[in-house]
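Data file: upload11.txt. Format and content: compact mmCIF, N, CA and C atoms.
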```
# COMPACT_ATOMS: atom_id res chain seq x y z
N MET A 973 -6.65 -15.82 -0.48
CA MET A 973 -7.02 -14.54 0.08
C MET A 973 -8.05 -13.90 -0.85
N SER A 974 -9.12 -13.39 -0.28
CA SER A 974 -10.20 -12.82 -1.09
C SER A 974 -9.82 -11.43 -1.61
N LEU A 975 -10.55 -10.99 -2.64
CA LEU A 975 -10.33 -9.65 -3.20
C LEU A 975 -10.53 -8.59 -2.13
N LYS A 976 -11.50 -8.78 -1.26
CA LYS A 976 -11.77 -7.80 -0.21
C LYS A 976 -10.57 -7.69 0.73
N ASN A 977 -9.96 -8.81 1.09
CA ASN A 977 -8.79 -8.78 1.98
C ASN A 977 -7.60 -8.10 1.31
N VAL A 978 -7.36 -8.43 0.04
CA VAL A 978 -6.26 -7.79 -0.71
C VAL A 978 -6.50 -6.29 -0.78
N ASN A 979 -7.73 -5.89 -1.11
CA ASN A 979 -8.06 -4.47 -1.21
C ASN A 979 -7.88 -3.77 0.13
N THR A 980 -8.25 -4.43 1.21
CA THR A 980 -8.10 -3.83 2.54
C THR A 980 -6.64 -3.58 2.86
N VAL A 981 -5.78 -4.53 2.52
CA VAL A 981 -4.34 -4.35 2.74
C VAL A 981 -3.82 -3.20 1.88
N LEU A 982 -4.23 -3.15 0.60
CA LEU A 982 -3.79 -2.06 -0.28
C LEU A 982 -4.24 -0.70 0.23
N VAL A 983 -5.50 -0.60 0.64
CA VAL A 983 -6.02 0.68 1.11
C VAL A 983 -5.37 1.09 2.42
N THR A 984 -5.16 0.14 3.31
CA THR A 984 -4.49 0.45 4.58
C THR A 984 -3.08 0.97 4.34
N THR A 985 -2.37 0.30 3.44
CA THR A 985 -1.02 0.75 3.09
C THR A 985 -1.05 2.14 2.49
N CYS A 986 -1.99 2.38 1.61
CA CYS A 986 -2.15 3.69 0.98
C CYS A 986 -2.43 4.77 2.03
N ALA A 987 -3.36 4.51 2.92
CA ALA A 987 -3.72 5.50 3.95
C ALA A 987 -2.52 5.80 4.85
N LEU A 988 -1.82 4.78 5.29
CA LEU A 988 -0.66 5.00 6.16
C LEU A 988 0.45 5.76 5.46
N PHE A 989 0.67 5.45 4.18
CA PHE A 989 1.70 6.14 3.41
C PHE A 989 1.35 7.62 3.23
N VAL A 990 0.10 7.91 2.91
CA VAL A 990 -0.32 9.29 2.71
C VAL A 990 -0.25 10.07 4.03
N LEU A 991 -0.65 9.44 5.13
CA LEU A 991 -0.53 10.09 6.44
C LEU A 991 0.93 10.37 6.77
N TYR A 992 1.81 9.42 6.49
CA TYR A 992 3.25 9.61 6.73
C TYR A 992 3.79 10.78 5.90
N LEU A 993 3.43 10.82 4.61
CA LEU A 993 3.89 11.92 3.77
C LEU A 993 3.41 13.26 4.31
N GLY A 994 2.15 13.31 4.68
CA GLY A 994 1.61 14.55 5.21
C GLY A 994 2.35 15.02 6.44
N LEU A 995 2.55 14.11 7.38
CA LEU A 995 3.28 14.49 8.60
C LEU A 995 4.71 14.91 8.31
N SER A 996 5.35 14.25 7.33
CA SER A 996 6.72 14.62 6.96
C SER A 996 6.79 16.06 6.47
N PHE A 997 5.85 16.44 5.62
CA PHE A 997 5.86 17.80 5.09
C PHE A 997 5.45 18.83 6.15
N ILE A 998 4.61 18.44 7.09
CA ILE A 998 4.20 19.37 8.15
C ILE A 998 5.34 19.57 9.15
N LEU A 999 5.97 18.48 9.57
CA LEU A 999 6.96 18.56 10.64
C LEU A 999 8.36 18.93 10.15
N THR A 1000 8.77 18.41 8.99
CA THR A 1000 10.13 18.69 8.49
C THR A 1000 10.10 18.95 6.98
N PRO A 1001 9.51 20.07 6.57
CA PRO A 1001 9.41 20.32 5.12
C PRO A 1001 10.77 20.42 4.43
N GLU A 1002 11.78 20.91 5.14
CA GLU A 1002 13.10 21.07 4.52
C GLU A 1002 13.77 19.75 4.18
N THR A 1003 13.46 18.69 4.92
CA THR A 1003 14.06 17.39 4.61
C THR A 1003 13.17 16.56 3.70
N SER A 1004 11.90 16.90 3.61
CA SER A 1004 10.98 16.14 2.77
C SER A 1004 11.03 16.58 1.31
N THR A 1005 11.33 17.83 1.08
CA THR A 1005 11.24 18.41 -0.25
C THR A 1005 12.21 17.85 -1.28
N PRO A 1006 13.46 17.58 -0.94
CA PRO A 1006 14.38 17.11 -1.99
C PRO A 1006 13.90 15.85 -2.71
N GLY A 1007 13.09 15.04 -2.10
CA GLY A 1007 12.65 13.80 -2.72
C GLY A 1007 11.49 13.92 -3.67
N VAL A 1008 10.88 15.10 -3.81
CA VAL A 1008 9.70 15.21 -4.66
C VAL A 1008 10.01 15.47 -6.12
N GLY A 1009 11.27 15.83 -6.42
CA GLY A 1009 11.66 15.98 -7.81
C GLY A 1009 11.74 17.40 -8.33
N LEU A 1010 11.40 18.38 -7.52
CA LEU A 1010 11.52 19.76 -7.97
C LEU A 1010 12.98 20.18 -7.94
N PRO A 1011 13.41 21.04 -8.88
CA PRO A 1011 14.84 21.34 -8.99
C PRO A 1011 15.37 22.26 -7.89
N ASN A 1012 14.54 23.13 -7.31
CA ASN A 1012 15.05 24.11 -6.35
C ASN A 1012 14.18 24.19 -5.11
N TRP A 1013 14.82 24.55 -4.01
CA TRP A 1013 14.10 24.85 -2.78
C TRP A 1013 13.40 26.19 -3.00
N PRO A 1014 12.16 26.34 -2.55
CA PRO A 1014 11.46 27.61 -2.76
C PRO A 1014 12.21 28.77 -2.10
N ALA A 1015 12.20 29.91 -2.77
CA ALA A 1015 12.88 31.09 -2.24
C ALA A 1015 12.07 31.70 -1.11
N GLY A 1016 12.77 32.38 -0.21
CA GLY A 1016 12.10 33.06 0.90
C GLY A 1016 11.49 32.08 1.87
N ASP A 1017 10.25 32.36 2.27
CA ASP A 1017 9.56 31.52 3.25
C ASP A 1017 8.70 30.49 2.53
N GLY A 1018 9.29 29.75 1.63
CA GLY A 1018 8.55 28.78 0.84
C GLY A 1018 8.11 27.55 1.59
N ASP A 1019 8.67 27.34 2.80
CA ASP A 1019 8.28 26.15 3.53
C ASP A 1019 6.82 26.20 3.96
N GLY A 1020 6.22 27.39 3.99
CA GLY A 1020 4.78 27.50 4.28
C GLY A 1020 3.95 26.78 3.25
N PHE A 1021 4.36 26.85 1.99
CA PHE A 1021 3.66 26.15 0.93
C PHE A 1021 3.82 24.63 1.07
N LEU A 1022 4.99 24.22 1.54
CA LEU A 1022 5.22 22.79 1.73
C LEU A 1022 4.39 22.26 2.89
N ILE A 1023 4.22 23.07 3.92
CA ILE A 1023 3.36 22.66 5.03
C ILE A 1023 1.92 22.54 4.54
N MET A 1024 1.50 23.44 3.64
CA MET A 1024 0.16 23.32 3.06
C MET A 1024 0.03 22.01 2.30
N LYS A 1025 1.07 21.62 1.57
CA LYS A 1025 1.06 20.33 0.88
C LYS A 1025 0.93 19.20 1.89
N GLY A 1026 1.62 19.32 3.00
CA GLY A 1026 1.53 18.31 4.05
C GLY A 1026 0.13 18.19 4.64
N ILE A 1027 -0.50 19.32 4.84
CA ILE A 1027 -1.87 19.31 5.37
C ILE A 1027 -2.81 18.66 4.37
N ARG A 1028 -2.60 18.94 3.09
CA ARG A 1028 -3.42 18.30 2.04
C ARG A 1028 -3.24 16.78 2.08
N GLU A 1029 -2.00 16.35 2.13
CA GLU A 1029 -1.71 14.91 2.16
C GLU A 1029 -2.31 14.26 3.40
N PHE A 1030 -2.12 14.89 4.56
CA PHE A 1030 -2.61 14.32 5.80
C PHE A 1030 -4.13 14.21 5.80
N SER A 1031 -4.82 15.24 5.32
CA SER A 1031 -6.28 15.19 5.28
C SER A 1031 -6.76 14.12 4.30
N MET A 1032 -6.05 13.93 3.20
CA MET A 1032 -6.41 12.87 2.25
C MET A 1032 -6.27 11.50 2.91
N GLY A 1033 -5.23 11.30 3.70
CA GLY A 1033 -5.05 10.05 4.41
C GLY A 1033 -6.13 9.80 5.44
N LEU A 1034 -6.56 10.87 6.11
CA LEU A 1034 -7.65 10.74 7.09
C LEU A 1034 -8.95 10.31 6.41
N VAL A 1035 -9.24 10.90 5.26
CA VAL A 1035 -10.47 10.54 4.54
C VAL A 1035 -10.45 9.07 4.17
N ILE A 1036 -9.33 8.61 3.63
CA ILE A 1036 -9.20 7.19 3.26
C ILE A 1036 -9.40 6.31 4.49
N GLY A 1037 -8.71 6.66 5.57
CA GLY A 1037 -8.79 5.86 6.79
C GLY A 1037 -10.19 5.82 7.38
N ILE A 1038 -10.87 6.95 7.41
CA ILE A 1038 -12.22 7.00 7.97
C ILE A 1038 -13.18 6.16 7.14
N LEU A 1039 -13.11 6.27 5.83
CA LEU A 1039 -14.00 5.47 4.98
C LEU A 1039 -13.71 3.98 5.13
N LEU A 1040 -12.45 3.63 5.28
CA LEU A 1040 -12.09 2.22 5.47
C LEU A 1040 -12.62 1.69 6.80
N VAL A 1041 -12.39 2.44 7.87
CA VAL A 1041 -12.80 2.00 9.20
C VAL A 1041 -14.31 1.92 9.34
N THR A 1042 -15.03 2.84 8.70
CA THR A 1042 -16.49 2.85 8.82
C THR A 1042 -17.17 1.90 7.85
N GLY A 1043 -16.40 1.29 6.95
CA GLY A 1043 -16.96 0.28 6.06
C GLY A 1043 -17.68 0.83 4.84
N HIS A 1044 -17.49 2.08 4.51
CA HIS A 1044 -18.12 2.68 3.33
C HIS A 1044 -17.23 2.40 2.10
N ARG A 1045 -17.20 1.16 1.70
CA ARG A 1045 -16.24 0.72 0.69
C ARG A 1045 -16.52 1.29 -0.70
N ARG A 1046 -17.77 1.42 -1.07
CA ARG A 1046 -18.06 1.98 -2.41
C ARG A 1046 -17.61 3.44 -2.47
N ALA A 1047 -17.95 4.21 -1.44
CA ALA A 1047 -17.49 5.60 -1.38
C ALA A 1047 -15.96 5.66 -1.35
N LEU A 1048 -15.34 4.71 -0.66
CA LEU A 1048 -13.88 4.64 -0.59
C LEU A 1048 -13.29 4.47 -1.98
N GLY A 1049 -13.88 3.61 -2.80
CA GLY A 1049 -13.39 3.43 -4.17
C GLY A 1049 -13.44 4.72 -4.97
N TRP A 1050 -14.56 5.44 -4.87
CA TRP A 1050 -14.69 6.70 -5.60
C TRP A 1050 -13.73 7.75 -5.07
N VAL A 1051 -13.54 7.81 -3.76
CA VAL A 1051 -12.61 8.78 -3.17
C VAL A 1051 -11.18 8.47 -3.61
N LEU A 1052 -10.81 7.20 -3.65
CA LEU A 1052 -9.46 6.85 -4.11
C LEU A 1052 -9.24 7.31 -5.55
N LEU A 1053 -10.25 7.12 -6.40
CA LEU A 1053 -10.11 7.60 -7.78
C LEU A 1053 -9.92 9.12 -7.81
N MET A 1054 -10.68 9.82 -6.99
CA MET A 1054 -10.56 11.27 -6.92
C MET A 1054 -9.19 11.67 -6.37
N GLU A 1055 -8.73 10.98 -5.35
CA GLU A 1055 -7.46 11.34 -4.74
C GLU A 1055 -6.25 11.00 -5.61
N ALA A 1056 -6.43 10.16 -6.60
CA ALA A 1056 -5.34 9.86 -7.53
C ALA A 1056 -4.98 11.09 -8.37
N VAL A 1057 -5.87 12.06 -8.39
CA VAL A 1057 -5.61 13.29 -9.14
C VAL A 1057 -4.48 14.10 -8.50
N ALA A 1058 -4.37 14.08 -7.17
CA ALA A 1058 -3.34 14.88 -6.48
C ALA A 1058 -1.92 14.49 -6.89
N PRO A 1059 -1.52 13.21 -6.81
CA PRO A 1059 -0.16 12.89 -7.25
C PRO A 1059 0.02 13.08 -8.76
N PHE A 1060 -1.06 12.93 -9.52
CA PHE A 1060 -0.95 13.21 -10.96
C PHE A 1060 -0.65 14.69 -11.17
N GLY A 1061 -1.32 15.55 -10.41
CA GLY A 1061 -1.04 16.98 -10.47
C GLY A 1061 0.38 17.30 -10.02
N ASP A 1062 0.87 16.59 -9.01
CA ASP A 1062 2.26 16.77 -8.57
C ASP A 1062 3.22 16.39 -9.69
N MET A 1063 2.90 15.32 -10.42
CA MET A 1063 3.74 14.90 -11.54
C MET A 1063 3.80 16.00 -12.60
N ILE A 1064 2.64 16.56 -12.94
CA ILE A 1064 2.59 17.64 -13.93
C ILE A 1064 3.38 18.85 -13.43
N ASN A 1065 3.26 19.16 -12.16
CA ASN A 1065 3.97 20.29 -11.57
C ASN A 1065 5.48 20.10 -11.67
N VAL A 1066 5.97 18.92 -11.33
CA VAL A 1066 7.40 18.64 -11.41
C VAL A 1066 7.89 18.76 -12.85
N LEU A 1067 7.13 18.21 -13.79
CA LEU A 1067 7.52 18.31 -15.21
C LEU A 1067 7.48 19.75 -15.70
N ALA A 1068 6.47 20.51 -15.29
CA ALA A 1068 6.33 21.91 -15.73
C ALA A 1068 7.45 22.79 -15.19
N HIS A 1069 8.03 22.42 -14.07
CA HIS A 1069 9.10 23.22 -13.47
C HIS A 1069 10.47 22.61 -13.72
N HIS A 1070 10.56 21.81 -14.76
CA HIS A 1070 11.83 21.22 -15.22
C HIS A 1070 12.52 20.42 -14.11
N GLY A 1071 11.72 19.71 -13.35
CA GLY A 1071 12.26 18.85 -12.30
C GLY A 1071 12.67 17.50 -12.86
N SER A 1072 12.94 16.60 -11.97
CA SER A 1072 13.40 15.27 -12.34
C SER A 1072 12.28 14.49 -13.03
N ILE A 1073 12.56 14.06 -14.25
CA ILE A 1073 11.59 13.25 -15.00
C ILE A 1073 11.39 11.91 -14.31
N ALA A 1074 12.48 11.35 -13.78
CA ALA A 1074 12.38 10.07 -13.07
C ALA A 1074 11.48 10.21 -11.84
N ALA A 1075 11.63 11.28 -11.09
CA ALA A 1075 10.78 11.49 -9.91
C ALA A 1075 9.34 11.76 -10.33
N ALA A 1076 9.17 12.53 -11.39
CA ALA A 1076 7.82 12.86 -11.84
C ALA A 1076 7.03 11.60 -12.17
N PHE A 1077 7.64 10.74 -12.98
CA PHE A 1077 6.93 9.53 -13.39
C PHE A 1077 7.07 8.40 -12.36
N GLY A 1078 8.27 8.25 -11.78
CA GLY A 1078 8.54 7.14 -10.88
C GLY A 1078 7.92 7.29 -9.50
N ILE A 1079 7.79 8.51 -9.04
CA ILE A 1079 7.19 8.73 -7.72
C ILE A 1079 5.73 9.13 -7.87
N HIS A 1080 5.50 10.26 -8.51
CA HIS A 1080 4.15 10.82 -8.57
C HIS A 1080 3.24 10.07 -9.54
N GLY A 1081 3.74 9.79 -10.72
CA GLY A 1081 2.93 9.07 -11.70
C GLY A 1081 2.58 7.66 -11.23
N LEU A 1082 3.57 6.96 -10.68
CA LEU A 1082 3.33 5.61 -10.17
C LEU A 1082 2.37 5.64 -8.98
N THR A 1083 2.55 6.60 -8.09
CA THR A 1083 1.63 6.73 -6.95
C THR A 1083 0.21 6.96 -7.43
N SER A 1084 0.04 7.84 -8.39
CA SER A 1084 -1.29 8.13 -8.94
C SER A 1084 -1.90 6.86 -9.53
N ALA A 1085 -1.11 6.13 -10.29
CA ALA A 1085 -1.61 4.90 -10.92
C ALA A 1085 -2.00 3.86 -9.86
N LEU A 1086 -1.17 3.69 -8.83
CA LEU A 1086 -1.47 2.70 -7.80
C LEU A 1086 -2.73 3.07 -7.01
N ILE A 1087 -2.90 4.34 -6.71
CA ILE A 1087 -4.11 4.77 -5.99
C ILE A 1087 -5.34 4.55 -6.87
N ALA A 1088 -5.23 4.89 -8.15
CA ALA A 1088 -6.37 4.71 -9.07
C ALA A 1088 -6.71 3.23 -9.22
N ILE A 1089 -5.70 2.39 -9.36
CA ILE A 1089 -5.94 0.94 -9.50
C ILE A 1089 -6.60 0.40 -8.24
N THR A 1090 -6.14 0.85 -7.08
CA THR A 1090 -6.75 0.40 -5.83
C THR A 1090 -8.21 0.85 -5.77
N GLY A 1091 -8.48 2.07 -6.19
CA GLY A 1091 -9.86 2.55 -6.23
C GLY A 1091 -10.72 1.71 -7.16
N LEU A 1092 -10.19 1.37 -8.32
CA LEU A 1092 -10.93 0.53 -9.27
C LEU A 1092 -11.18 -0.87 -8.70
N LEU A 1093 -10.19 -1.41 -7.99
CA LEU A 1093 -10.37 -2.73 -7.38
C LEU A 1093 -11.47 -2.69 -6.31
N ILE A 1094 -11.49 -1.62 -5.53
CA ILE A 1094 -12.54 -1.48 -4.51
C ILE A 1094 -13.91 -1.37 -5.20
N LEU A 1095 -13.99 -0.58 -6.26
CA LEU A 1095 -15.26 -0.44 -6.98
C LEU A 1095 -15.68 -1.77 -7.60
N ARG A 1096 -14.73 -2.54 -8.09
CA ARG A 1096 -15.05 -3.85 -8.66
C ARG A 1096 -15.59 -4.78 -7.57
N GLU A 1097 -14.93 -4.74 -6.42
CA GLU A 1097 -15.36 -5.58 -5.29
C GLU A 1097 -16.78 -5.20 -4.87
N THR A 1098 -17.06 -3.92 -4.80
CA THR A 1098 -18.37 -3.48 -4.30
C THR A 1098 -19.44 -3.55 -5.37
N SER A 1099 -19.08 -3.58 -6.64
CA SER A 1099 -20.10 -3.64 -7.68
C SER A 1099 -20.83 -4.98 -7.66
N LYS A 1100 -20.13 -6.04 -7.27
CA LYS A 1100 -20.77 -7.36 -7.18
C LYS A 1100 -21.83 -7.34 -6.09
N ALA A 1101 -21.52 -6.76 -4.95
CA ALA A 1101 -22.49 -6.67 -3.86
C ALA A 1101 -23.59 -5.67 -4.20
N HIS A 1102 -23.21 -4.62 -4.91
CA HIS A 1102 -24.17 -3.57 -5.26
C HIS A 1102 -25.22 -4.07 -6.25
N LYS A 1103 -24.85 -5.02 -7.11
CA LYS A 1103 -25.75 -5.51 -8.14
C LYS A 1103 -26.47 -6.82 -7.75
N ALA A 1104 -26.23 -7.29 -6.55
CA ALA A 1104 -26.85 -8.55 -6.12
C ALA A 1104 -28.36 -8.40 -6.14
N PRO A 1105 -29.07 -9.39 -6.68
CA PRO A 1105 -30.53 -9.30 -6.74
C PRO A 1105 -31.13 -9.33 -5.35
N ALA A 1106 -32.20 -8.62 -5.20
CA ALA A 1106 -32.92 -8.62 -3.92
C ALA A 1106 -33.62 -9.96 -3.74
N PRO A 1107 -33.69 -10.43 -2.50
CA PRO A 1107 -34.39 -11.71 -2.28
C PRO A 1107 -35.86 -11.58 -2.61
N ALA A 1108 -36.42 -12.65 -3.13
CA ALA A 1108 -37.85 -12.65 -3.48
C ALA A 1108 -38.69 -12.61 -2.21
N PRO A 1109 -39.80 -11.88 -2.25
CA PRO A 1109 -40.66 -11.82 -1.06
C PRO A 1109 -41.29 -13.18 -0.81
N ALA A 1110 -41.51 -13.46 0.45
CA ALA A 1110 -42.12 -14.74 0.82
C ALA A 1110 -43.56 -14.77 0.33
N ALA A 1111 -43.98 -15.95 -0.10
CA ALA A 1111 -45.36 -16.11 -0.59
C ALA A 1111 -46.35 -15.97 0.58
N GLN A 1112 -47.39 -15.27 0.35
CA GLN A 1112 -48.42 -15.09 1.37
C GLN A 1112 -49.49 -16.18 1.22
N PRO A 1113 -49.88 -16.81 2.32
CA PRO A 1113 -50.95 -17.80 2.23
C PRO A 1113 -52.26 -17.13 1.83
N ALA A 1114 -53.07 -17.85 1.05
CA ALA A 1114 -54.34 -17.29 0.56
C ALA A 1114 -55.42 -17.31 1.58
```

As structure tokens - that is how I would like this structure written.
Amino acid sequence: MSLKNVNTVLVTTCALFVLYLGLSFILTPETSTPGVGLPNWPAGDGDGFLIMKGIREFSMGLVIGILLVTGHRRALGWVLLMEAVAPFGDMINVLAHHGSIAAAFGIHGLTSALIAITGLLILRETSKAHKAPAPAPAAQPA
């Protein structure tokens, strides 16, 4: 299996997972929240913030999916690297609010690392094509 095929499977899995997370937080924030590692349910009408998190996740999944489907693989690699910042920020947030260390590193930190690695693999795949020498012009008869 080629690097491009492996990368396509990884990116597709990533996009579907992020879309699923987003929909989970939008549709059922109360059941999605216990798994993120924060120690307490937000007070008052805190589910509005969780729906915002869901919208963020869902839009990130759409960006990944659109770049994959349209074949913009180099841009996809850079976007994946950028999007790895979101779960890293979630990890910092869980740690800052005295949440589960296992969830912070095992869920958010690992997710961030996997997205970043996938982005680097896409960039590696596309750098070979990006650096390919241009064909020499055909000789003109005198």

Here is a test: counting all atoms listed in the file, which residue of A:Val978, A:Ala1075, A:Ala1058, A:Leu1048 is nearest to Val1035 in chain A? A:Leu1048

Which of these, A:Leu1039, A:Ala1068, A:Leu1095, A:Ala1056, has the shortest distance to Leu1082 in chain A once you count only C-alpha atoms?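 Using only C-alpha atoms, the shortest distance to Leu1082 in chain A belongs to A:Ala1056.
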
Which of range 1014-1056 of chain A end up as helix (DSSP H, G or I) when DSSP is run on this backbone - answer as a VMD selection string? chain A and resid 1019 to 1042 1045 to 1055

Counting all atoms listed in the file, which of A:Asn1012, A:Thr1005, A:Ser1072, A:Ser1031 gets nearest to Val990 in chain A? A:Ser1031

Contacts of Glu1029 in chain A within 6 Å, all atoms listed in the file, excl. fewer than 6 positions in-chain, as a ChimeraX atom specification: /A:990-991,993-994

Taking only C-alpha atoms into account, name the residue in A:Gly1091, A:Phe1021, A:Ile1079, A:Thr1003 that is nearest to Val983 in chain A.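 The shortest atom-to-atom distance to Val983 in chain A comes from A:Gly1091.
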